[in-house]
$ cat start-v9.cif   # mmCIF, C-alpha atoms
data_entry
loop_
_atom_site.label_atom_id
_atom_site.label_comp_id
_atom_site.auth_asym_id
_atom_site.auth_seq_id
_atom_site.Cartn_x
_atom_site.Cartn_y
_atom_site.Cartn_z
CA MET A 1 0.00 0.00 0.00
CA SER A 2 1.40 3.40 -0.96
CA VAL A 3 2.24 6.05 1.65
CA ARG A 4 -0.29 8.43 0.08
CA ARG A 5 -3.09 5.85 0.33
CA THR A 6 -2.17 5.05 3.93
CA ILE A 7 -2.31 8.73 4.91
CA ALA A 8 -5.68 9.14 3.17
CA ILE A 9 -7.14 6.18 5.07
CA LEU A 10 -5.83 7.51 8.39
CA MET A 11 -7.34 10.95 7.75
CA LEU A 12 -10.67 9.37 6.86
CA CYS A 13 -10.63 7.31 10.06
CA LEU A 14 -9.88 10.39 12.14
CA ALA A 15 -12.72 12.28 10.48
CA CYS A 16 -15.15 9.41 11.10
CA ALA A 17 -14.02 9.17 14.72
CA GLY A 18 -14.59 12.91 15.19
CA GLN A 19 -18.13 12.62 13.86
CA THR A 20 -18.85 9.64 16.13
CA GLN A 21 -17.61 11.48 19.20
CA SER A 22 -19.66 14.62 18.58
CA PRO A 23 -22.37 15.06 21.23
CA ILE A 24 -24.67 16.71 18.69
CA PRO A 25 -27.02 14.39 16.75
CA PRO A 26 -26.32 14.31 12.98
CA GLU A 27 -29.85 15.40 11.98
CA VAL A 28 -29.52 18.76 13.79
CA LYS A 29 -29.48 21.67 11.34
CA PHE A 30 -27.07 24.00 13.19
CA LYS A 31 -24.54 22.14 15.30
CA SER A 32 -22.83 25.24 16.70
CA ARG A 33 -23.52 28.93 17.25
CA TYR A 34 -24.34 30.97 14.19
CA VAL A 35 -25.62 34.46 13.41
CA HIS A 36 -27.76 34.91 10.32
CA PRO A 37 -25.60 36.57 7.64
CA THR A 38 -28.52 38.71 6.49
CA PRO A 39 -29.43 41.51 8.94
CA ARG A 40 -32.93 42.02 10.29
CA PRO A 41 -35.24 43.46 7.59
CA PRO A 42 -35.76 47.12 8.55
CA GLU A 43 -39.56 46.78 8.52
CA PHE A 44 -39.49 43.91 11.05
CA ALA A 45 -40.50 45.55 14.33
CA SER A 46 -40.92 42.66 16.76
CA ALA A 47 -38.95 39.73 18.20
CA MET A 48 -39.51 36.48 20.07
CA LEU A 49 -37.12 34.16 21.89
CA TRP A 50 -37.17 30.39 21.37
CA GLY A 51 -35.47 27.22 22.50
CA ILE A 52 -34.97 23.68 21.22
CA ALA A 53 -34.69 20.69 23.53
CA VAL A 54 -34.08 17.12 22.34
CA ALA A 55 -33.19 13.72 23.67
CA ASN A 56 -29.78 12.46 22.60
CA THR A 57 -30.82 8.97 21.54
CA ARG A 58 -27.21 7.75 21.43
CA VAL A 59 -26.92 8.09 25.22
CA PRO A 60 -28.02 5.13 27.38
CA GLY A 61 -30.99 6.08 29.55
CA HIS A 62 -32.06 8.96 27.31
CA GLU A 63 -35.65 7.84 27.87
CA ARG A 64 -35.48 9.62 31.24
CA ALA A 65 -33.90 12.82 29.88
CA THR A 66 -35.39 16.16 30.89
CA VAL A 67 -34.79 19.89 30.44
CA GLU A 68 -36.00 22.03 33.32
CA ILE A 69 -36.59 25.75 32.69
CA SER A 70 -37.03 28.36 35.41
CA HIS A 71 -36.66 31.64 33.52
CA THR A 72 -36.73 33.04 29.98
CA GLU A 73 -35.78 36.57 28.97
CA LEU A 74 -35.36 38.57 25.77
CA THR A 75 -33.70 41.99 25.90
CA CYS A 76 -32.70 44.39 23.15
CA VAL A 77 -30.18 47.22 23.19
CA ILE A 78 -31.74 50.37 21.73
CA GLU A 79 -29.80 53.63 21.65
CA GLY A 80 -27.40 52.06 24.17
CA ARG A 81 -30.22 51.18 26.59
CA ASP A 82 -31.35 47.66 27.59
CA VAL A 83 -35.05 47.12 26.95
CA ILE A 84 -36.80 43.97 28.21
CA LEU A 85 -39.27 42.45 25.75
CA ASN A 86 -40.04 39.13 27.50
CA ASN A 87 -39.37 38.17 31.10
CA ASP A 88 -41.09 35.01 32.36
CA ASP A 89 -40.63 32.75 35.38
CA GLY A 90 -41.67 29.11 35.49
CA GLN A 91 -43.61 28.93 32.24
CA VAL A 92 -43.15 28.51 28.47
CA ARG A 93 -45.27 27.67 25.41
CA GLY A 94 -44.38 25.33 22.58
CA GLY A 95 -44.94 22.32 20.37
CA LEU A 96 -43.47 18.99 19.31
CA TYR A 97 -42.07 19.20 15.77
CA ARG A 98 -40.70 16.68 13.29
CA ARG A 99 -37.13 15.61 13.95
CA HIS A 100 -36.42 13.60 10.78
CA PRO A 101 -35.94 15.65 8.68
CA TRP A 102 -35.22 18.50 11.06
CA PHE A 103 -38.37 20.68 11.27
CA GLY A 104 -39.48 19.07 8.04
CA THR A 105 -42.93 20.64 8.37
CA ASN A 106 -44.65 23.26 10.50
CA ALA A 107 -47.24 20.67 11.57
CA HIS A 108 -46.83 19.94 15.27
CA GLU A 109 -48.44 18.62 18.42
CA LYS A 110 -49.02 20.56 21.61
CA MET A 111 -45.94 20.29 23.82
CA PRO A 112 -46.63 18.54 27.16
CA ILE A 113 -45.35 20.61 30.07
CA LYS A 114 -44.88 19.37 33.64
CA GLN A 115 -44.74 21.85 36.50
CA SER A 116 -42.13 21.43 39.23
CA SER A 117 -43.43 20.64 42.72
CA ASP A 118 -42.87 24.21 43.92
CA GLY A 119 -44.14 25.82 40.72
CA SER A 120 -40.89 27.66 40.08
CA SER A 121 -39.99 25.85 36.86
CA VAL A 122 -41.34 23.70 34.04
CA ILE A 123 -40.00 20.30 33.07
CA LEU A 124 -39.80 19.11 29.49
CA GLU A 125 -39.63 15.31 29.56
CA VAL A 126 -37.83 15.08 26.22
CA GLY A 127 -36.97 11.40 26.73
CA THR A 128 -40.64 10.44 26.49
CA ARG A 129 -40.73 11.67 22.87
CA PRO A 130 -37.22 11.28 21.46
CA ASP A 131 -38.67 11.32 17.93
CA ARG A 132 -39.63 14.99 18.27
CA VAL A 133 -38.00 18.41 18.59
CA TRP A 134 -39.34 20.10 21.72
CA HIS A 135 -39.59 23.67 20.44
CA PHE A 136 -40.58 26.29 23.02
CA TRP A 137 -40.90 30.07 23.19
CA ALA A 138 -41.79 32.74 25.76
CA ALA A 139 -45.04 32.39 27.70
CA SER A 140 -45.65 36.14 27.45
CA PRO A 141 -46.84 37.67 24.14
CA ARG A 142 -44.52 38.78 21.39
CA GLN A 143 -43.61 42.45 21.90
CA VAL A 144 -42.94 45.43 19.64
CA ILE A 145 -39.34 46.66 19.60
CA PRO A 146 -39.35 50.31 20.73
CA HIS A 147 -38.34 52.97 18.20
CA GLY A 148 -34.68 53.91 18.04
CA LYS A 149 -31.41 52.47 16.78
CA LEU A 150 -31.46 48.73 17.46
CA GLU A 151 -27.97 47.46 18.25
CA SER A 152 -28.65 43.82 19.19
CA CYS A 153 -30.95 41.48 21.07
CA THR A 154 -30.09 38.75 23.57
CA VAL A 155 -32.03 35.72 24.78
CA ARG A 156 -31.26 34.07 28.11
CA VAL A 157 -32.82 30.84 29.34
CA ARG A 158 -32.12 29.51 32.82
CA ALA A 159 -32.20 25.73 32.54
CA ARG A 160 -31.01 22.45 33.96
CA VAL A 161 -30.15 19.84 31.35
CA SER A 162 -30.16 16.21 32.47
CA PRO A 163 -28.00 13.40 31.02
CA GLY A 164 -29.34 12.37 27.63
CA ALA A 165 -30.75 15.84 26.82
CA LEU A 166 -29.51 18.84 24.81
CA LEU A 167 -30.60 22.48 24.65
CA GLN A 168 -30.17 25.30 22.13
CA VAL A 169 -31.65 28.83 22.25
CA GLY A 170 -32.14 31.67 19.79
CA PHE A 171 -34.69 34.22 18.65
CA ASP A 172 -36.54 35.45 15.58
CA TYR A 173 -37.34 38.92 14.35
CA TRP A 174 -40.97 39.30 13.20
CA ARG A 175 -42.89 41.75 11.02
CA ASP A 176 -45.01 42.82 13.98
CA ALA A 177 -46.34 41.56 17.29
CA HIS A 178 -49.35 39.72 15.85
CA THR A 179 -48.49 38.27 12.42
CA GLN A 180 -48.48 34.46 12.46
CA TYR A 181 -45.92 32.12 10.95
CA GLY A 182 -46.50 31.54 7.26
CA SER A 183 -44.95 31.03 3.86
CA GLY A 184 -44.75 34.78 3.23
CA GLY A 185 -41.57 35.30 5.23
CA ASN A 186 -43.13 36.78 8.35
CA ASN A 187 -40.19 35.91 10.57
CA HIS A 188 -36.42 36.20 10.22
CA GLU A 189 -34.23 33.91 12.30
CA ALA A 190 -31.52 35.94 14.01
CA GLY A 191 -29.43 32.86 14.78
CA ALA A 192 -28.86 30.24 17.45
CA SER A 193 -26.54 29.48 20.34
CA ASP A 194 -24.11 26.64 20.80
CA TRP A 195 -25.73 23.52 22.20
CA TYR A 196 -25.80 23.29 25.99
CA LEU A 197 -24.78 19.89 27.31
CA PRO A 198 -25.94 18.01 30.42
CA SER A 199 -24.88 19.34 33.81
CA ASP A 200 -25.88 18.81 37.43
CA GLU A 201 -25.91 22.59 37.83
CA TRP A 202 -28.32 25.21 36.49
CA GLN A 203 -27.01 26.93 33.34
CA THR A 204 -27.87 30.16 31.58
CA ALA A 205 -28.20 29.36 27.89
CA GLU A 206 -27.55 32.59 25.98
CA PHE A 207 -27.50 33.89 22.43
CA THR A 208 -26.96 37.40 21.07
CA ASP A 209 -26.93 38.41 17.42
CA ILE A 210 -23.63 40.27 17.58
CA PRO A 211 -21.54 38.26 15.07
CA ASP A 212 -18.18 38.29 16.83
CA ARG A 213 -19.42 37.64 20.37
CA ARG A 214 -19.09 34.13 21.85
#

$ encode --input "start-v9.cif" --output "structure tokens"
Amino acid sequence: MSVRRTIAILMLCLACAGQTQSPIPPEVKFKSRYVHPTPRPPEFASAMLWGIAVANTRVPGHERATVEISHTELTCVIEGRDVILNNDDGQVRGGLYRRHPWFGTNAHEKMPIKQSSDGSSVILEVGTRPDRVWHFWAASPRQVIPHGKLESCTVRVRARVSPGALLQVGFDYWRDAHTQYGSGGNNHEAGASDWYLPSDEWQTAEFTDIPDRR
């Protein structure tokens, strides 16, 4: 076997090993943080945070995986001033969407939500439906972005991710506070965070649409 062929095989093996070791399922659309390369359309005057929780089916015991959420918040910087658009404790809304292919259709089921014993958080039992993307958004209504120079927006979700679960957050810009999702381009995805991995501790999952900020 030639040296060139041997090197090629070794590189292929390393690449395959890297893919196998990745904690992010292969069907996921965005496997790391990204900011949409196209800026918010100037006529879009609203925004809404969102999150995605899934079971990592390659992990033993993923059937018991959960994502617990205690707080969601969306803030925007306007004229150098932080403005809160959504600020909710212990509640979210959402649906169960197709996972294969990833969000293959807008058709979805109502997302089952379990309340914690003290009412301070909600529990998404993602392991009970590993075939679905648990897509949630703020419990409070979508808000209008106040007038002024918009510099950026940031979503923060306080969550606890159990073994066998994964969490990603982001937000969309919308035409206004009431227009529904449709084929006419009523929303513009600002981007998404890195995936947040399991931890015994509470984490703050965060995404901002400033391109060079990690």

$ atom_distance --input "start-v9.cif" --atom1 "atom CA of Arg98 of chain A" --atom2 "atom CA of Thr72 of chain A"
23.7 Å

$ resolve_selection --input "start-v9.cif" --expression "the PyMOL selection byres ((chain A and resi 122-139) around 9)" --output "JSON, numbers by chain"
{"A": [48, 49, 50, 51, 52, 53, 54, 55, 56, 57, 61, 62, 63, 64, 65, 66, 67, 68, 69, 70, 72, 73, 74, 86, 87, 88, 89, 90, 91, 92, 93, 94, 95, 96, 97, 98, 99, 100, 102, 103, 111, 112, 113, 114, 115, 116, 119, 120, 121, 140, 141, 142, 164, 165, 171]}

$ atom_distance --input "start-v9.cif" --atom1 "atom CA of Glu79 of chain A" --atom2 "atom CA of Glu151 of chain A"
7.3 Å

$ atom_distance --input "start-v9.cif" --atom1 "atom CA of Pro101 of chain A" --atom2 "atom CA of Arg40 of chain A"
26.6 Å

$ closest_residue --input "start-v9.cif" --among "A:Pro25, A:Gly170, A:Pro39, A:Gly104" --to "Arg156 of chain A" --atoms "all atoms listed in the file"
A:Gly170

$ closest_residue --input "start-v9.cif" --among "A:Thr208, A:Ser46, A:Asn106, A:Gln203" --to "Asp176 of chain A" --atoms "all atoms listed in the file"
A:Ser46

$ closest_residue --input "start-v9.cif" --among "A:Ser22, A:Ser199, A:Thr38, A:Asn186" --to "Pro163 of chain A" --atoms "all atoms listed in the file"
A:Ser199

$ closest_residue --input "start-v9.cif" --among "A:Ala177, A:Val144, A:Ala205, A:Leu197" --to "Ala159 of chain A" --atoms "only C-alpha atoms"
A:Ala205

$ resolve_selection --input "start-v9.cif" --expression "the PyMOL selection byres ((chain A and resi 35) around 10)" --output "list in words"
Arg33, Tyr34, His36, Pro37, Thr38, Pro39, Gly170, Glu189, Ala190, Gly191, Ala192, Ser193, Phe207, Thr208, Asp209, Ile210, Pro211, Asp212 and Arg213 of chain A

$ closest_residue --input "start-v9.cif" --among "A:Glu201, A:Gln180, A:Ala45, A:Ser117" --to "Pro146 of chain A" --atoms "all atoms listed in the file"
A:Ala45

$ decode --input "start-v9.cif" --residues "segment 53-172 of chain A" --atoms "C-alpha atoms" --output "PDB file, in the first residue's frame"
ATOM      1  CA  ALA A  53     -34.690  20.686  23.533  1.00  0.00           C
ATOM      2  CA  VAL A  54     -34.083  17.124  22.337  1.00  0.00           C
ATOM      3  CA  ALA A  55     -33.185  13.721  23.675  1.00  0.00           C
ATOM      4  CA  ASN A  56     -29.782  12.457  22.600  1.00  0.00           C
ATOM      5  CA  THR A  57     -30.823   8.970  21.541  1.00  0.00           C
ATOM      6  CA  ARG A  58     -27.208   7.746  21.430  1.00  0.00           C
ATOM      7  CA  VAL A  59     -26.922   8.092  25.220  1.00  0.00           C
ATOM      8  CA  PRO A  60     -28.018   5.133  27.381  1.00  0.00           C
ATOM      9  CA  GLY A  61     -30.985   6.079  29.551  1.00  0.00           C
ATOM     10  CA  HIS A  62     -32.061   8.960  27.306  1.00  0.00           C
ATOM     11  CA  GLU A  63     -35.654   7.839  27.875  1.00  0.00           C
ATOM     12  CA  ARG A  64     -35.483   9.620  31.243  1.00  0.00           C
ATOM     13  CA  ALA A  65     -33.897  12.819  29.876  1.00  0.00           C
ATOM     14  CA  THR A  66     -35.394  16.158  30.891  1.00  0.00           C
ATOM     15  CA  VAL A  67     -34.794  19.886  30.438  1.00  0.00           C
ATOM     16  CA  GLU A  68     -36.004  22.031  33.324  1.00  0.00           C
ATOM     17  CA  ILE A  69     -36.594  25.751  32.689  1.00  0.00           C
ATOM     18  CA  SER A  70     -37.026  28.358  35.414  1.00  0.00           C
ATOM     19  CA  HIS A  71     -36.660  31.643  33.523  1.00  0.00           C
ATOM     20  CA  THR A  72     -36.727  33.040  29.978  1.00  0.00           C
ATOM     21  CA  GLU A  73     -35.776  36.573  28.966  1.00  0.00           C
ATOM     22  CA  LEU A  74     -35.356  38.575  25.771  1.00  0.00           C
ATOM     23  CA  THR A  75     -33.702  41.985  25.903  1.00  0.00           C
ATOM     24  CA  CYS A  76     -32.699  44.385  23.150  1.00  0.00           C
ATOM     25  CA  VAL A  77     -30.182  47.218  23.189  1.00  0.00           C
ATOM     26  CA  ILE A  78     -31.736  50.369  21.729  1.00  0.00           C
ATOM     27  CA  GLU A  79     -29.799  53.627  21.654  1.00  0.00           C
ATOM     28  CA  GLY A  80     -27.397  52.064  24.171  1.00  0.00           C
ATOM     29  CA  ARG A  81     -30.216  51.176  26.595  1.00  0.00           C
ATOM     30  CA  ASP A  82     -31.346  47.656  27.595  1.00  0.00           C
ATOM     31  CA  VAL A  83     -35.054  47.124  26.952  1.00  0.00           C
ATOM     32  CA  ILE A  84     -36.796  43.971  28.210  1.00  0.00           C
ATOM     33  CA  LEU A  85     -39.274  42.451  25.754  1.00  0.00           C
ATOM     34  CA  ASN A  86     -40.041  39.133  27.504  1.00  0.00           C
ATOM     35  CA  ASN A  87     -39.366  38.171  31.101  1.00  0.00           C
ATOM     36  CA  ASP A  88     -41.085  35.007  32.364  1.00  0.00           C
ATOM     37  CA  ASP A  89     -40.632  32.751  35.377  1.00  0.00           C
ATOM     38  CA  GLY A  90     -41.672  29.114  35.489  1.00  0.00           C
ATOM     39  CA  GLN A  91     -43.607  28.928  32.236  1.00  0.00           C
ATOM     40  CA  VAL A  92     -43.155  28.505  28.470  1.00  0.00           C
ATOM     41  CA  ARG A  93     -45.271  27.671  25.409  1.00  0.00           C
ATOM     42  CA  GLY A  94     -44.384  25.333  22.578  1.00  0.00           C
ATOM     43  CA  GLY A  95     -44.942  22.324  20.373  1.00  0.00           C
ATOM     44  CA  LEU A  96     -43.468  18.991  19.308  1.00  0.00           C
ATOM     45  CA  TYR A  97     -42.069  19.198  15.770  1.00  0.00           C
ATOM     46  CA  ARG A  98     -40.703  16.679  13.287  1.00  0.00           C
ATOM     47  CA  ARG A  99     -37.127  15.612  13.947  1.00  0.00           C
ATOM     48  CA  HIS A 100     -36.422  13.602  10.781  1.00  0.00           C
ATOM     49  CA  PRO A 101     -35.942  15.648   8.680  1.00  0.00           C
ATOM     50  CA  TRP A 102     -35.219  18.503  11.062  1.00  0.00           C
ATOM     51  CA  PHE A 103     -38.367  20.681  11.270  1.00  0.00           C
ATOM     52  CA  GLY A 104     -39.482  19.072   8.035  1.00  0.00           C
ATOM     53  CA  THR A 105     -42.928  20.639   8.373  1.00  0.00           C
ATOM     54  CA  ASN A 106     -44.653  23.260  10.496  1.00  0.00           C
ATOM     55  CA  ALA A 107     -47.242  20.672  11.570  1.00  0.00           C
ATOM     56  CA  HIS A 108     -46.833  19.944  15.275  1.00  0.00           C
ATOM     57  CA  GLU A 109     -48.440  18.620  18.423  1.00  0.00           C
ATOM     58  CA  LYS A 110     -49.016  20.557  21.612  1.00  0.00           C
ATOM     59  CA  MET A 111     -45.942  20.291  23.817  1.00  0.00           C
ATOM     60  CA  PRO A 112     -46.627  18.544  27.163  1.00  0.00           C
ATOM     61  CA  ILE A 113     -45.348  20.610  30.073  1.00  0.00           C
ATOM     62  CA  LYS A 114     -44.882  19.372  33.637  1.00  0.00           C
ATOM     63  CA  GLN A 115     -44.738  21.853  36.504  1.00  0.00           C
ATOM     64  CA  SER A 116     -42.134  21.434  39.234  1.00  0.00           C
ATOM     65  CA  SER A 117     -43.431  20.639  42.717  1.00  0.00           C
ATOM     66  CA  ASP A 118     -42.868  24.209  43.922  1.00  0.00           C
ATOM     67  CA  GLY A 119     -44.144  25.823  40.716  1.00  0.00           C
ATOM     68  CA  SER A 120     -40.885  27.663  40.076  1.00  0.00           C
ATOM     69  CA  SER A 121     -39.991  25.855  36.856  1.00  0.00           C
ATOM     70  CA  VAL A 122     -41.342  23.703  34.040  1.00  0.00           C
ATOM     71  CA  ILE A 123     -39.997  20.301  33.075  1.00  0.00           C
ATOM     72  CA  LEU A 124     -39.802  19.111  29.489  1.00  0.00           C
ATOM     73  CA  GLU A 125     -39.631  15.313  29.563  1.00  0.00           C
ATOM     74  CA  VAL A 126     -37.831  15.076  26.222  1.00  0.00           C
ATOM     75  CA  GLY A 127     -36.972  11.399  26.732  1.00  0.00           C
ATOM     76  CA  THR A 128     -40.637  10.441  26.490  1.00  0.00           C
ATOM     77  CA  ARG A 129     -40.733  11.669  22.873  1.00  0.00           C
ATOM     78  CA  PRO A 130     -37.221  11.278  21.458  1.00  0.00           C
ATOM     79  CA  ASP A 131     -38.670  11.325  17.935  1.00  0.00           C
ATOM     80  CA  ARG A 132     -39.630  14.989  18.266  1.00  0.00           C
ATOM     81  CA  VAL A 133     -37.998  18.408  18.593  1.00  0.00           C
ATOM     82  CA  TRP A 134     -39.335  20.100  21.721  1.00  0.00           C
ATOM     83  CA  HIS A 135     -39.586  23.668  20.441  1.00  0.00           C
ATOM     84  CA  PHE A 136     -40.577  26.288  23.024  1.00  0.00           C
ATOM     85  CA  TRP A 137     -40.904  30.066  23.194  1.00  0.00           C
ATOM     86  CA  ALA A 138     -41.792  32.736  25.758  1.00  0.00           C
ATOM     87  CA  ALA A 139     -45.035  32.393  27.701  1.00  0.00           C
ATOM     88  CA  SER A 140     -45.653  36.138  27.446  1.00  0.00           C
ATOM     89  CA  PRO A 141     -46.837  37.673  24.144  1.00  0.00           C
ATOM     90  CA  ARG A 142     -44.515  38.785  21.387  1.00  0.00           C
ATOM     91  CA  GLN A 143     -43.613  42.449  21.895  1.00  0.00           C
ATOM     92  CA  VAL A 144     -42.942  45.427  19.636  1.00  0.00           C
ATOM     93  CA  ILE A 145     -39.343  46.657  19.595  1.00  0.00           C
ATOM     94  CA  PRO A 146     -39.351  50.307  20.726  1.00  0.00           C
ATOM     95  CA  HIS A 147     -38.338  52.967  18.197  1.00  0.00           C
ATOM     96  CA  GLY A 148     -34.684  53.912  18.040  1.00  0.00           C
ATOM     97  CA  LYS A 149     -31.409  52.469  16.780  1.00  0.00           C
ATOM     98  CA  LEU A 150     -31.462  48.731  17.456  1.00  0.00           C
ATOM     99  CA  GLU A 151     -27.969  47.461  18.253  1.00  0.00           C
ATOM    100  CA  SER A 152     -28.651  43.823  19.190  1.00  0.00           C
ATOM    101  CA  CYS A 153     -30.950  41.484  21.073  1.00  0.00           C
ATOM    102  CA  THR A 154     -30.093  38.749  23.575  1.00  0.00           C
ATOM    103  CA  VAL A 155     -32.030  35.723  24.784  1.00  0.00           C
ATOM    104  CA  ARG A 156     -31.259  34.066  28.114  1.00  0.00           C
ATOM    105  CA  VAL A 157     -32.823  30.835  29.344  1.00  0.00           C
ATOM    106  CA  ARG A 158     -32.123  29.513  32.818  1.00  0.00           C
ATOM    107  CA  ALA A 159     -32.199  25.732  32.543  1.00  0.00           C
ATOM    108  CA  ARG A 160     -31.015  22.451  33.964  1.00  0.00           C
ATOM    109  CA  VAL A 161     -30.149  19.835  31.346  1.00  0.00           C
ATOM    110  CA  SER A 162     -30.158  16.209  32.474  1.00  0.00           C
ATOM    111  CA  PRO A 163     -27.998  13.402  31.018  1.00  0.00           C
ATOM    112  CA  GLY A 164     -29.337  12.372  27.627  1.00  0.00           C
ATOM    113  CA  ALA A 165     -30.750  15.836  26.823  1.00  0.00           C
ATOM    114  CA  LEU A 166     -29.508  18.837  24.806  1.00  0.00           C
ATOM    115  CA  LEU A 167     -30.603  22.477  24.651  1.00  0.00           C
ATOM    116  CA  GLN A 168     -30.166  25.301  22.131  1.00  0.00           C
ATOM    117  CA  VAL A 169     -31.650  28.827  22.247  1.00  0.00           C
ATOM    118  CA  GLY A 170     -32.142  31.672  19.791  1.00  0.00           C
ATOM    119  CA  PHE A 171     -34.687  34.225  18.649  1.00  0.00           C
ATOM    120  CA  ASP A 172     -36.537  35.446  15.580  1.00  0.00           C
TER     121      ASP A 172
END
